[in-house]
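This is my_file.cif (mmCIF, C-alpha atoms and all ligand atoms).
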```cif
data_input
loop_
_atom_site.group_PDB
_atom_site.id
_atom_site.type_symbol
_atom_site.label_atom_id
_atom_site.label_comp_id
_atom_site.auth_asym_id
_atom_site.auth_seq_id
_atom_site.Cartn_x
_atom_site.Cartn_y
_atom_site.Cartn_z
ATOM 1 C CA MET J 901 25.553 -32.430 80.944
ATOM 2 C CA PRO J 902 27.626 -29.212 80.930
ATOM 3 C CA GLU J 903 27.825 -27.280 77.733
ATOM 4 C CA GLU J 904 30.790 -27.637 75.402
ATOM 5 C CA ASN J 905 29.890 -24.812 73.141
ATOM 6 C CA SER J 906 31.770 -21.567 72.777
ATOM 7 C CA GLN J 907 29.461 -19.666 70.438
ATOM 8 C CA PRO J 908 26.541 -17.495 71.589
ATOM 9 C CA CYS J 909 22.905 -18.461 70.991
ATOM 10 C CA ARG J 910 21.897 -17.569 67.448
ATOM 11 C CA ILE J 911 18.665 -15.959 68.613
ATOM 12 C CA CYS J 912 19.180 -14.329 72.030
ATOM 13 C CA GLY J 913 22.992 -14.174 72.182
ATOM 14 C CA SER J 914 23.236 -16.027 75.519
ATOM 15 C CA PRO J 915 26.487 -17.983 76.011
ATOM 16 C CA THR J 916 24.864 -20.635 78.222
ATOM 17 C CA PHE J 917 24.029 -23.979 76.671
ATOM 18 C CA ARG J 918 23.271 -27.547 77.479
ATOM 19 C CA LYS J 919 24.345 -30.220 75.053
ATOM 20 C CA TRP J 920 21.088 -31.743 74.008
ATOM 21 C CA ARG J 921 21.784 -34.609 71.649
ATOM 22 C CA SER J 922 24.363 -36.086 69.372
ATOM 23 C CA SER J 923 23.944 -39.030 67.043
ATOM 24 C CA LEU J 924 25.976 -38.372 63.926
ATOM 25 C CA SER J 925 28.728 -40.943 63.506
ATOM 26 C CA GLN J 926 29.893 -39.926 60.018
ATOM 27 C CA PRO J 927 30.478 -36.469 58.569
ATOM 28 C CA PRO J 928 27.526 -35.243 56.497
ATOM 29 C CA ASN J 929 27.710 -34.725 52.745
ATOM 30 C CA SER J 930 25.607 -32.821 50.238
ATOM 31 C CA ALA J 931 23.074 -35.701 50.010
ATOM 32 C CA SER J 932 22.399 -35.300 53.748
ATOM 33 C CA PHE J 933 21.163 -31.805 52.912
ATOM 34 C CA ALA J 934 18.762 -32.891 50.164
ATOM 35 C CA ILE J 935 15.245 -31.566 50.702
ATOM 36 C CA THR J 936 13.916 -35.106 50.378
ATOM 37 C CA ASP J 937 16.460 -36.722 52.745
ATOM 38 C CA PHE J 938 14.712 -38.959 55.275
ATOM 39 C CA ASN J 939 17.446 -40.120 57.623
ATOM 40 C CA TYR J 940 15.400 -38.962 60.576
ATOM 41 C CA GLY J 941 17.102 -38.710 63.915
ATOM 42 C CA ARG J 942 20.532 -38.541 62.274
ATOM 43 C CA ILE J 943 21.768 -35.200 63.505
ATOM 44 C CA SER J 944 24.926 -33.474 64.614
ATOM 45 C CA ALA J 945 25.294 -32.386 68.227
ATOM 46 C CA LEU J 946 22.515 -30.013 69.232
ATOM 47 C CA TYR J 947 22.828 -27.437 71.972
ATOM 48 C CA GLN J 948 19.895 -25.927 73.796
ATOM 49 C CA CYS J 949 20.171 -22.305 74.828
ATOM 50 C CA GLY J 950 19.839 -21.963 78.594
ATOM 51 C CA THR J 951 18.073 -18.620 78.206
ATOM 52 C CA CYS J 952 15.599 -18.800 75.301
ATOM 53 C CA GLY J 953 15.543 -22.571 74.688
ATOM 54 C CA PHE J 954 16.500 -22.355 70.996
ATOM 55 C CA ARG J 955 18.011 -25.673 69.938
ATOM 56 C CA GLN J 956 20.877 -25.328 67.510
ATOM 57 C CA CYS J 957 23.819 -27.084 65.905
ATOM 58 C CA HIS J 958 27.184 -25.326 66.022
ATOM 59 C CA ASP J 959 29.367 -28.166 64.788
ATOM 60 C CA LEU J 960 28.809 -27.919 61.042
ATOM 61 C CA SER J 961 30.857 -25.320 59.265
ATOM 62 C CA ASP J 962 30.026 -23.847 55.877
ATOM 63 C CA VAL J 963 26.563 -25.386 55.547
ATOM 64 C CA LEU J 964 26.035 -23.180 52.530
ATOM 65 C CA SER J 965 28.519 -25.161 50.423
ATOM 66 C CA PHE J 966 26.276 -28.229 50.839
ATOM 67 C CA TYR J 967 23.319 -26.281 49.459
ATOM 68 C CA ARG J 968 25.262 -24.770 46.589
ATOM 69 C CA SER J 969 26.238 -28.244 45.391
ATOM 70 C CA GLN J 970 22.869 -29.833 46.044
ATOM 71 C CA VAL J 971 21.301 -32.124 43.433
ATOM 72 C CA ASP J 972 17.903 -33.566 44.393
ATOM 73 C CA PRO J 973 15.976 -35.241 41.540
ATOM 74 C CA ALA J 974 13.380 -36.679 43.971
ATOM 75 C CA TYR J 975 12.336 -33.098 44.764
ATOM 76 C CA GLU J 976 11.077 -32.590 41.210
ATOM 77 C CA ASP J 977 9.050 -35.833 41.414
ATOM 78 C CA SER J 978 6.874 -34.180 44.035
ATOM 79 C CA ARG J 979 6.284 -30.985 42.040
ATOM 80 C CA LYS J 980 2.517 -31.523 41.868
ATOM 81 C CA GLN J 981 2.182 -31.943 45.643
ATOM 82 C CA ARG J 982 4.543 -29.055 46.350
ATOM 83 C CA THR J 983 2.487 -26.882 43.991
ATOM 84 C CA LEU J 984 -0.670 -27.659 45.997
ATOM 85 C CA GLN J 985 1.230 -26.770 49.160
ATOM 86 C CA ALA J 986 2.492 -23.507 47.638
ATOM 87 C CA GLN J 987 -1.074 -22.621 46.604
ATOM 88 C CA ALA J 988 -2.327 -23.254 50.152
ATOM 89 C CA LEU J 989 0.415 -21.021 51.587
ATOM 90 C CA LEU J 990 -0.366 -18.312 49.036
ATOM 91 C CA ASN J 991 -4.042 -18.517 49.983
ATOM 92 C CA ARG J 992 -3.021 -17.830 53.578
ATOM 93 C CA LEU J 993 -0.770 -14.982 52.461
ATOM 94 C CA GLY J 994 -3.669 -13.715 50.322
ATOM 95 C CA GLN J 995 -5.574 -12.827 53.496
ATOM 96 C CA PHE J 996 -2.954 -10.106 53.955
ATOM 97 C CA LYS J 997 -1.515 -9.434 50.513
ATOM 98 C CA ARG J 998 -2.972 -10.346 47.150
ATOM 99 C CA LYS J 999 -0.704 -8.650 44.667
ATOM 100 C CA GLY J 1000 2.605 -6.898 44.198
ATOM 101 C CA ARG J 1001 6.222 -7.983 44.156
ATOM 102 C CA LEU J 1002 6.895 -11.283 45.907
ATOM 103 C CA LEU J 1003 10.279 -12.828 46.696
ATOM 104 C CA ASP J 1004 10.563 -16.519 47.576
ATOM 105 C CA VAL J 1005 13.748 -17.226 49.524
ATOM 106 C CA GLY J 1006 15.106 -20.771 49.112
ATOM 107 C CA ALA J 1007 12.964 -21.014 46.016
ATOM 108 C CA GLY J 1008 14.186 -24.448 44.909
ATOM 109 C CA SER J 1009 13.056 -25.097 41.349
ATOM 110 C CA GLY J 1010 10.592 -22.218 41.462
ATOM 111 C CA ILE J 1011 7.427 -24.047 42.510
ATOM 112 C CA LEU J 1012 6.089 -21.280 44.747
ATOM 113 C CA VAL J 1013 7.277 -18.603 42.303
ATOM 114 C CA GLU J 1014 5.278 -20.288 39.531
ATOM 115 C CA ALA J 1015 2.163 -20.618 41.716
ATOM 116 C CA ALA J 1016 2.463 -16.985 42.854
ATOM 117 C CA ARG J 1017 2.778 -15.713 39.274
ATOM 118 C CA LYS J 1018 -0.411 -17.591 38.387
ATOM 119 C CA LYS J 1019 -2.119 -15.780 41.258
ATOM 120 C CA GLY J 1020 -1.043 -12.418 39.875
ATOM 121 C CA PHE J 1021 2.077 -11.624 41.928
ATOM 122 C CA GLN J 1022 5.226 -10.392 40.217
ATOM 123 C CA ALA J 1023 7.102 -13.247 41.823
ATOM 124 C CA HIS J 1024 10.853 -13.868 41.874
ATOM 125 C CA GLY J 1025 13.050 -16.296 43.778
ATOM 126 C CA VAL J 1026 16.551 -16.770 45.141
ATOM 127 C CA GLU J 1027 18.078 -20.215 45.584
ATOM 128 C CA PRO J 1028 21.622 -21.314 46.539
ATOM 129 C CA SER J 1029 21.569 -24.627 44.627
ATOM 130 C CA ARG J 1030 22.652 -24.118 41.009
ATOM 131 C CA TRP J 1031 21.039 -27.400 40.062
ATOM 132 C CA LEU J 1032 17.613 -26.378 41.407
ATOM 133 C CA GLN J 1033 17.974 -22.836 40.084
ATOM 134 C CA ARG J 1034 18.611 -24.191 36.566
ATOM 135 C CA ARG J 1035 15.419 -26.276 36.816
ATOM 136 C CA ALA J 1036 13.549 -23.037 37.513
ATOM 137 C CA GLU J 1037 15.352 -21.247 34.673
ATOM 138 C CA LYS J 1038 14.398 -24.001 32.213
ATOM 139 C CA ARG J 1039 10.765 -23.324 33.057
ATOM 140 C CA GLY J 1040 11.297 -19.626 32.391
ATOM 141 C CA LEU J 1041 10.915 -18.714 36.059
ATOM 142 C CA PRO J 1042 12.888 -15.751 37.462
ATOM 143 C CA VAL J 1043 14.887 -17.545 40.157
ATOM 144 C CA ARG J 1044 18.445 -16.345 40.712
ATOM 145 C CA ALA J 1045 21.329 -18.346 42.196
ATOM 146 C CA VAL J 1046 22.121 -15.788 44.894
ATOM 147 C CA LEU J 1047 21.515 -15.439 48.613
ATOM 148 C CA LEU J 1048 18.992 -13.044 50.126
ATOM 149 C CA GLU J 1049 21.803 -10.889 51.558
ATOM 150 C CA HIS J 1050 23.251 -10.459 48.080
ATOM 151 C CA THR J 1051 20.062 -8.938 46.681
ATOM 152 C CA LYS J 1052 19.485 -5.175 46.810
ATOM 153 C CA SER J 1053 18.822 -4.189 50.427
ATOM 154 C CA GLU J 1054 15.955 -1.873 49.635
ATOM 155 C CA PRO J 1055 12.335 -2.120 50.738
ATOM 156 C CA GLU J 1056 11.099 -3.296 47.365
ATOM 157 C CA TRP J 1057 9.123 -6.478 48.166
ATOM 158 C CA ASP J 1058 5.422 -6.463 49.088
ATOM 159 C CA ALA J 1059 5.642 -10.100 50.146
ATOM 160 C CA ILE J 1060 8.517 -12.406 51.076
ATOM 161 C CA THR J 1061 8.158 -16.129 51.680
ATOM 162 C CA LEU J 1062 10.527 -18.277 53.747
ATOM 163 C CA VAL J 1063 9.070 -21.749 53.471
ATOM 164 C CA ASP J 1064 11.029 -24.224 55.584
ATOM 165 C CA VAL J 1065 14.225 -22.214 55.240
ATOM 166 C CA ILE J 1066 15.169 -20.681 58.609
ATOM 167 C CA GLU J 1067 15.824 -24.069 60.209
ATOM 168 C CA HIS J 1068 18.555 -24.624 57.598
ATOM 169 C CA VAL J 1069 20.650 -21.492 57.992
ATOM 170 C CA GLU J 1070 23.553 -20.663 60.297
ATOM 171 C CA ASN J 1071 22.227 -17.206 61.090
ATOM 172 C CA PRO J 1072 18.410 -17.297 61.130
ATOM 173 C CA LEU J 1073 18.178 -13.982 62.986
ATOM 174 C CA GLY J 1074 20.439 -12.366 60.380
ATOM 175 C CA MET J 1075 18.207 -13.755 57.639
ATOM 176 C CA LEU J 1076 15.087 -12.323 59.280
ATOM 177 C CA LYS J 1077 16.807 -8.936 59.612
ATOM 178 C CA GLU J 1078 17.814 -8.997 55.946
ATOM 179 C CA MET J 1079 14.210 -9.848 55.098
ATOM 180 C CA GLU J 1080 12.841 -7.007 57.211
ATOM 181 C CA LYS J 1081 15.037 -4.490 55.348
ATOM 182 C CA ARG J 1082 13.636 -5.615 52.018
ATOM 183 C CA LEU J 1083 9.920 -5.514 52.942
ATOM 184 C CA THR J 1084 7.897 -2.472 51.952
ATOM 185 C CA GLY J 1085 6.204 -0.511 54.773
ATOM 186 C CA ASP J 1086 2.992 -2.536 54.560
ATOM 187 C CA GLY J 1087 4.703 -5.650 53.195
ATOM 188 C CA VAL J 1088 4.089 -9.066 54.718
ATOM 189 C CA ALA J 1089 6.252 -12.128 55.035
ATOM 190 C CA LEU J 1090 5.184 -15.723 55.470
ATOM 191 C CA ILE J 1091 7.452 -18.057 57.424
ATOM 192 C CA THR J 1092 7.086 -21.790 58.002
ATOM 193 C CA THR J 1093 9.352 -23.980 60.114
ATOM 194 C CA PRO J 1094 9.046 -27.198 62.147
ATOM 195 C CA ASP J 1095 7.826 -26.801 65.744
ATOM 196 C CA VAL J 1096 10.201 -28.545 68.135
ATOM 197 C CA LYS J 1097 7.691 -28.270 70.970
ATOM 198 C CA SER J 1098 4.786 -29.781 69.025
ATOM 199 C CA PHE J 1099 3.022 -32.855 70.322
ATOM 200 C CA LEU J 1100 4.578 -35.103 67.671
ATOM 201 C CA ALA J 1101 8.076 -33.778 68.287
ATOM 202 C CA ARG J 1102 7.730 -34.658 71.945
ATOM 203 C CA LEU J 1103 6.067 -38.000 71.237
ATOM 204 C CA LEU J 1104 8.621 -39.210 68.694
ATOM 205 C CA GLY J 1105 11.655 -37.763 70.496
ATOM 206 C CA ARG J 1106 14.861 -38.264 68.555
ATOM 207 C CA LYS J 1107 12.931 -40.124 65.824
ATOM 208 C CA TRP J 1108 10.864 -37.045 64.914
ATOM 209 C CA TRP J 1109 11.117 -36.593 61.113
ATOM 210 C CA HIS J 1110 12.390 -33.050 61.419
ATOM 211 C CA TYR J 1111 15.510 -34.102 63.308
ATOM 212 C CA ARG J 1112 17.745 -34.159 60.234
ATOM 213 C CA VAL J 1113 21.331 -33.161 59.512
ATOM 214 C CA ALA J 1114 20.113 -30.308 57.357
ATOM 215 C CA HIS J 1115 18.090 -28.758 60.174
ATOM 216 C CA ILE J 1116 20.536 -26.803 62.312
ATOM 217 C CA GLY J 1117 18.053 -24.579 64.178
ATOM 218 C CA TYR J 1118 14.862 -25.756 65.912
ATOM 219 C CA PHE J 1119 12.168 -23.195 66.649
ATOM 220 C CA ASP J 1120 9.003 -23.281 68.692
ATOM 221 C CA ALA J 1121 6.312 -20.603 68.861
ATOM 222 C CA SER J 1122 8.165 -18.568 71.498
ATOM 223 C CA THR J 1123 11.648 -18.648 69.923
ATOM 224 C CA LEU J 1124 10.145 -17.797 66.537
ATOM 225 C CA GLU J 1125 8.352 -14.830 68.091
ATOM 226 C CA LEU J 1126 11.540 -13.740 69.879
ATOM 227 C CA ALA J 1127 13.551 -13.968 66.642
ATOM 228 C CA CYS J 1128 10.908 -11.960 64.771
ATOM 229 C CA GLN J 1129 10.843 -9.284 67.476
ATOM 230 C CA LYS J 1130 14.635 -8.971 67.430
ATOM 231 C CA ALA J 1131 14.497 -8.610 63.653
ATOM 232 C CA GLY J 1132 11.996 -5.741 63.872
ATOM 233 C CA LEU J 1133 9.010 -7.854 62.860
ATOM 234 C CA ARG J 1134 5.706 -8.580 64.539
ATOM 235 C CA ILE J 1135 3.572 -11.659 64.056
ATOM 236 C CA VAL J 1136 0.099 -10.841 62.721
ATOM 237 C CA HIS J 1137 -1.060 -14.424 62.183
ATOM 238 C CA GLN J 1138 -0.016 -17.858 63.426
ATOM 239 C CA SER J 1139 -1.318 -21.281 62.409
ATOM 240 C CA ARG J 1140 -0.293 -24.805 61.427
ATOM 241 C CA PRO J 1141 0.320 -25.307 57.685
ATOM 242 C CA ASP J 1142 -1.193 -28.144 55.628
ATOM 243 C CA TRP J 1143 1.156 -30.293 53.595
ATOM 244 C CA TYR J 1144 0.482 -32.382 50.492
ATOM 245 C CA PHE J 1145 2.188 -35.698 49.783
ATOM 246 C CA THR J 1146 1.739 -38.752 47.600
ATOM 247 C CA ILE J 1147 0.832 -41.924 49.457
ATOM 248 C CA GLU J 1148 4.182 -43.326 48.318
ATOM 249 C CA TYR J 1149 6.198 -40.387 49.715
ATOM 250 C CA LEU J 1150 4.443 -40.667 53.066
ATOM 251 C CA TRP J 1151 4.647 -44.426 53.116
ATOM 252 C CA VAL J 1152 8.401 -44.591 52.621
ATOM 253 C CA ARG J 1153 8.850 -42.184 55.492
ATOM 254 C CA ILE J 1154 6.316 -43.794 57.830
ATOM 255 C CA MET J 1155 7.928 -47.185 57.248
ATOM 256 C CA GLN J 1156 11.147 -45.819 58.783
ATOM 257 C CA TYR J 1157 9.349 -46.156 62.106
ATOM 258 C CA PHE J 1158 8.720 -49.880 61.675
ATOM 259 C CA PRO J 1159 11.190 -52.758 61.930
ATOM 260 C CA SER J 1160 12.305 -53.960 58.470
ATOM 261 C CA TRP J 1161 10.330 -57.214 58.699
ATOM 262 C CA LEU J 1162 7.116 -55.230 59.110
ATOM 263 C CA ARG J 1163 7.699 -52.875 56.182
ATOM 264 C CA PHE J 1164 5.481 -53.358 53.145
ATOM 265 C CA GLN J 1165 4.512 -51.408 50.034
ATOM 266 C CA PRO J 1166 1.133 -49.798 49.384
ATOM 267 C CA CYS J 1167 -0.684 -51.234 46.333
ATOM 268 C CA ARG J 1168 0.561 -49.705 43.078
ATOM 269 C CA PRO J 1169 -2.504 -47.623 42.031
ATOM 270 C CA MET J 1170 -2.549 -45.914 45.423
ATOM 271 C CA ARG J 1171 1.072 -44.764 45.337
ATOM 272 C CA ARG J 1172 0.503 -41.615 43.277
ATOM 273 C CA TRP J 1173 -2.587 -40.494 45.159
ATOM 274 C CA THR J 1174 -2.181 -37.144 46.848
ATOM 275 C CA VAL J 1175 -3.256 -36.582 50.432
ATOM 276 C CA LYS J 1176 -3.553 -33.363 52.418
ATOM 277 C CA ILE J 1177 -2.240 -33.711 55.909
ATOM 278 C CA ASN J 1178 -1.806 -31.454 58.919
ATOM 279 C CA LEU J 1179 0.362 -33.058 61.569
ATOM 280 C CA ARG J 1180 0.349 -29.838 63.623
ATOM 281 C CA ASP J 1181 4.112 -30.066 64.043
ATOM 282 C CA SER J 1182 5.026 -27.046 61.912
ATOM 283 C CA LEU J 1183 4.530 -23.345 62.520
ATOM 284 C CA LEU J 1184 3.220 -20.821 60.027
ATOM 285 C CA ALA J 1185 3.657 -17.152 60.845
ATOM 286 C CA VAL J 1186 2.677 -14.108 58.836
ATOM 287 C CA VAL J 1187 4.772 -11.129 59.914
ATOM 288 C CA GLN J 1188 5.020 -7.428 59.202
ATOM 289 C CA LYS J 1189 7.554 -4.742 59.957
ATOM 290 C CA LYS J 1190 7.052 -3.407 63.479
ATOM 291 C CA GLU J 1191 7.197 0.075 62.084
ATOM 292 C CA GLY J 1192 5.015 -0.757 59.075
ATOM 293 C CA ALA J 1193 1.460 0.262 58.337
ATOM 294 C CA SER J 1194 -1.351 -2.196 59.027
ATOM 295 C CA ALA J 1195 -1.792 -5.047 56.568
ATOM 296 C CA SER J 1196 -3.568 -4.209 53.346
ATOM 297 C CA ARG J 1197 -6.290 -6.657 52.495
HETATM 298 ZN ZN ZN G 1 18.947 -18.210 73.246
#
```
Rendering of file as structure tokens:
Amino acid sequence: MPEENSQPCRICGSPTFRKWRSSLSQPPNSASFAITDFNYGRISALYQCGTCGFRQCHDLSDVLSFYRSQVDPAYEDSRKQRTLQAQALLNRLGQFKRKGRLLDVGAGSGILVEAARKKGFQAHGVEPSRWLQRRAEKRGLPVRAVLLEHTKSEPEWDAITLVDVIEHVENPLGMLKEMEKRLTGDGVALITTPDVKSFLARLLGRKWWHYRVAHIGYFDASTLELACQKAGLRIVHQSRPDWYFTIEYLWVRIMQYFPSWLRFQPCRPMRRWTVKINLRDSLLAVVQKKEGASASR
């Protein structure tokens, strides 16, 4: 199908696209952008860059307004599991940086900020949703309701974390560049994002759980590396992150793949159990400034 897109690729700047998929029949609203939304496969038109292969949505304007007005009580219900996940990511980061000033971008209600402070970082966060930012504030966590580009553009952070954020933003390359400016010379950043070329993404096709309205950019290992390079960053570590969920959280989502007559509930005592899972369909990259010194350990 010929492309119908007039904007350049958000990573490589190429104007050549193929329309990849469209399935959204109604306009999205703020609930579609909730972190815990599970309307998988319900996406706006996606275009695949003919040069670098980056898959992106150009049809949603002002995505940020959805995040600013976001209210997501279900997110707080999974605080325990998200804390375990934050600790695992910080352990990975700890192989490169164990202390100093850390900024979590898209900090939500401050879960990673809280875990990082317990590990000894001077951790802060930025978060567009007022509702989530207030949850952090109530816990006494230093999360501000601003965007990364509105913070001081000085190299003052020893570590920056972007956990499942770059797939949500209209200008992921711009965000990586802003991040690079704010990293100290030997600072490190940790990035996670779904991998559109993973085995599960290919197997599940349009029903892959990461095909969601809120995800407007789909990376794979090569487009992530290209974006990092263009932002003046180099990847010093790559792996697949572990995630932690309750049985109930997983169950509700897995059941989306079954016809309604086959859906059933797990027994009540099991629902709150936490499981660690690695579906190998997300990317984790630790990056440094290209010009920076080697990682301090
Ligand atoms: Zn491209």
- List, as a list in words, every residue that the PyMOL selection byres (((not hetatm)) within 9 of (chain G and resi 1)) selects in the file provided.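 When the PyMOL selection byres (((not hetatm)) within 9 of (chain G and resi 1)) is applied to the shown file, the picked residues are Pro908, Cys909, Arg910, Ile911, Cys912, Gly913, Ser914, Pro915, Thr916, Phe917, Gln948, Cys949, Gly950, Thr951, Cys952, Gly953, Phe954, Arg955 and Thr1123 of chain J.
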- Query: Taking the file as shown, what set of residues would the PyMOL selection byres (((chain J and resi 976-979) around 8) and not hetatm) give back, as a list in words?
  - Reply: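 Checking the PyMOL selection byres (((chain J and resi 976-979) around 8) and not hetatm) against this file, the residues are Asp972, Pro973, Ala974, Tyr975, Lys980, Gln981, Arg982, Thr983, Ser1009, Ile1011, Phe1145 and Thr1146 of chain J.
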- Message: I'd like the contact shell of J:Arg1140 - 8 Å cut-off, only C-alpha atoms, skipping same-chain residues fewer than 3 positions apart - returned as an MDAnalysis selection string.
- Response: chainID J and resid 1178 1180:1184
Saved selection, atoms kept: C-alpha atoms, as a PDB file, in the frame of the given file:
```pdb
ATOM      1  CA  ASN J1178      -1.806 -31.454  58.919  1.00  0.00           C
ATOM      2  CA  ARG J1180       0.349 -29.838  63.623  1.00  0.00           C
ATOM      3  CA  ASP J1181       4.112 -30.066  64.043  1.00  0.00           C
ATOM      4  CA  SER J1182       5.026 -27.046  61.912  1.00  0.00           C
ATOM      5  CA  LEU J1183       4.530 -23.345  62.520  1.00  0.00           C
ATOM      6  CA  LEU J1184       3.220 -20.821  60.027  1.00  0.00           C
TER       7      LEU J1184
END
```
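Between atom CA of J:Val971 and atom CA of J:Val1026 lies a distance of 16.2 Å.
Residue nearest J:Lys1018, chosen from J:Ile1135, J:Ala986, J:Ile1116, J:Ala1089 and counting all atoms listed in the file: J:Ala986.
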- Query: Residues at most 12 Å from J:Pro1028, counting all atoms listed in the file, excluding those fewer than 3 positions away in the same chain, as number ranges by chain?
  - Reply: J: 963-971, 1005-1009, 1025, 1031-1034, 1043-1050, 1065, 1068-1069
Take the selection from the previous step and output its residues with C-alpha atoms, as a PDB file, in the frame of the given file.
```
ATOM      1  CA  VAL J 963      26.563 -25.386  55.547  1.00  0.00           C
ATOM      2  CA  LEU J 964      26.035 -23.180  52.530  1.00  0.00           C
ATOM      3  CA  SER J 965      28.519 -25.161  50.423  1.00  0.00           C
ATOM      4  CA  PHE J 966      26.276 -28.229  50.839  1.00  0.00           C
ATOM      5  CA  TYR J 967      23.319 -26.281  49.459  1.00  0.00           C
ATOM      6  CA  ARG J 968      25.262 -24.770  46.589  1.00  0.00           C
ATOM      7  CA  SER J 969      26.238 -28.244  45.391  1.00  0.00           C
ATOM      8  CA  GLN J 970      22.869 -29.833  46.044  1.00  0.00           C
ATOM      9  CA  VAL J 971      21.301 -32.124  43.433  1.00  0.00           C
ATOM     10  CA  VAL J1005      13.748 -17.226  49.524  1.00  0.00           C
ATOM     11  CA  GLY J1006      15.106 -20.771  49.112  1.00  0.00           C
ATOM     12  CA  ALA J1007      12.964 -21.014  46.016  1.00  0.00           C
ATOM     13  CA  GLY J1008      14.186 -24.448  44.909  1.00  0.00           C
ATOM     14  CA  SER J1009      13.056 -25.097  41.349  1.00  0.00           C
ATOM     15  CA  GLY J1025      13.050 -16.296  43.778  1.00  0.00           C
ATOM     16  CA  TRP J1031      21.039 -27.400  40.062  1.00  0.00           C
ATOM     17  CA  LEU J1032      17.613 -26.378  41.407  1.00  0.00           C
ATOM     18  CA  GLN J1033      17.974 -22.836  40.084  1.00  0.00           C
ATOM     19  CA  ARG J1034      18.611 -24.191  36.566  1.00  0.00           C
ATOM     20  CA  VAL J1043      14.887 -17.545  40.157  1.00  0.00           C
ATOM     21  CA  ARG J1044      18.445 -16.345  40.712  1.00  0.00           C
ATOM     22  CA  ALA J1045      21.329 -18.346  42.196  1.00  0.00           C
ATOM     23  CA  VAL J1046      22.121 -15.788  44.894  1.00  0.00           C
ATOM     24  CA  LEU J1047      21.515 -15.439  48.613  1.00  0.00           C
ATOM     25  CA  LEU J1048      18.992 -13.044  50.126  1.00  0.00           C
ATOM     26  CA  GLU J1049      21.803 -10.889  51.558  1.00  0.00           C
ATOM     27  CA  HIS J1050      23.251 -10.459  48.080  1.00  0.00           C
ATOM     28  CA  VAL J1065      14.225 -22.214  55.240  1.00  0.00           C
ATOM     29  CA  HIS J1068      18.555 -24.624  57.598  1.00  0.00           C
ATOM     30  CA  VAL J1069      20.650 -21.492  57.992  1.00  0.00           C
TER      31      VAL J1069
END
```
- Task: Please provide the set of residues having any atom within 10 Å of stretch 993-1000 of chain J, restricted to only C-alpha atoms, with same-chain residues fewer than 5 positions apart removed, written as a PyMOL selection string.
- Result: chain J and resi 987-988+1016-1017+1019-1023+1056-1061+1086-1090+1136-1137+1185-1188+1194-1197
With only C-alpha atoms as the counted atoms, please give the residues lying no more than 8 Å from J:Ile1177, apart from itself and same-chain residues fewer than 5 positions off, as a CSV table (one decimal) with C-alpha atoms, in the coordinates of the input.
```
chain,number,residue,atom,x,y,z
J,1142,ASP,CA,-1.2,-28.1,55.6
J,1143,TRP,CA,1.2,-30.3,53.6
J,1144,TYR,CA,0.5,-32.4,50.5
J,1145,PHE,CA,2.2,-35.7,49.8
```
- Task: Measuring atom to atom with all atoms listed in the file, identify which of J:Ala1114, J:Val1013, J:Lys919, J:Lys1077 is nearest to J:Ser961.
- Result: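 For J:Ser961, the nearest of the given residues is J:Ala1114.
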Please list as a PDB file with C-alpha atoms, in the frame of the given file every residue within 9 Å of J:Ala1121, counting all atoms listed in the file and excluding residues in the same chain fewer than 6 positions away.
```pdb
ATOM      1  CA  ASP J1095       7.826 -26.801  65.744  1.00  0.00           C
ATOM      2  CA  VAL J1096      10.201 -28.545  68.135  1.00  0.00           C
ATOM      3  CA  LYS J1097       7.691 -28.270  70.970  1.00  0.00           C
ATOM      4  CA  GLN J1138      -0.016 -17.858  63.426  1.00  0.00           C
ATOM      5  CA  LEU J1183       4.530 -23.345  62.520  1.00  0.00           C
TER       6      LEU J1183
END
```
- Message: Taking all atoms listed in the file into account, name the residue in J:Pro1159, J:Pro1141, J:Pro1055, J:Pro1042 that is nearest to J:Glu1080.
- Response: J:Pro1055
- Task: Report the distance between atom CA of J:Asn1071 and atom CA of J:Gly1117 in Å, rounded to one decimal place.
- Result: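 Between these atoms lies a distance of 9.0 Å.
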- Counting all atoms listed in the file, which of J:Lys1190, J:Lys1081, J:Arg918, J:Arg1102 gets nearest to J:Ala945? J:Arg918
- Message: What does the structure give for the distance between atom CA of J:Glu1148 and atom CA of J:Arg1172, in Å to one decimal?
- Response: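 Atom-to-atom, atom CA of J:Glu1148 to atom CA of J:Arg1172, that is 6.5 Å.
Checking J:Arg1001, J:Leu1104, J:Trp1161, J:Pro1072 one by one against J:Thr1084, counting only C-alpha atoms, you find the shortest gap at J:Arg1001.
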- Item | Pick from J:Thr1092, J:Thr1174, J:Ser1053, J:Gln1129, whichever lies nearest to J:Ile1066 using all atoms listed in the file |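 Of all the options, J:Thr1092 lies closest to J:Ile1066.
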Please fill the gaps in stretch 961-965 of chain J so it has N, CA and C atoms, and write that as an mmCIF file, in the coordinates of the input.
```
data_model
loop_
_atom_site.group_PDB
_atom_site.id
_atom_site.type_symbol
_atom_site.label_atom_id
_atom_site.label_comp_id
_atom_site.auth_asym_id
_atom_site.auth_seq_id
_atom_site.Cartn_x
_atom_site.Cartn_y
_atom_site.Cartn_z
ATOM 1 N N SER J 961 30.388 -26.592 59.806
ATOM 2 C CA SER J 961 30.857 -25.320 59.265
ATOM 3 C C SER J 961 30.550 -25.277 57.770
ATOM 4 N N ASP J 962 30.302 -24.083 57.287
ATOM 5 C CA ASP J 962 30.026 -23.847 55.877
ATOM 6 C C ASP J 962 28.894 -24.716 55.322
ATOM 7 N N VAL J 963 27.757 -24.663 55.992
ATOM 8 C CA VAL J 963 26.563 -25.386 55.547
ATOM 9 C C VAL J 963 26.186 -24.985 54.123
ATOM 10 N N LEU J 964 26.437 -23.714 53.825
ATOM 11 C CA LEU J 964 26.035 -23.180 52.530
ATOM 12 C C LEU J 964 26.645 -23.958 51.362
ATOM 13 N N SER J 965 27.872 -24.435 51.524
ATOM 14 C CA SER J 965 28.519 -25.161 50.423
ATOM 15 C C SER J 965 27.736 -26.436 50.088
#
```
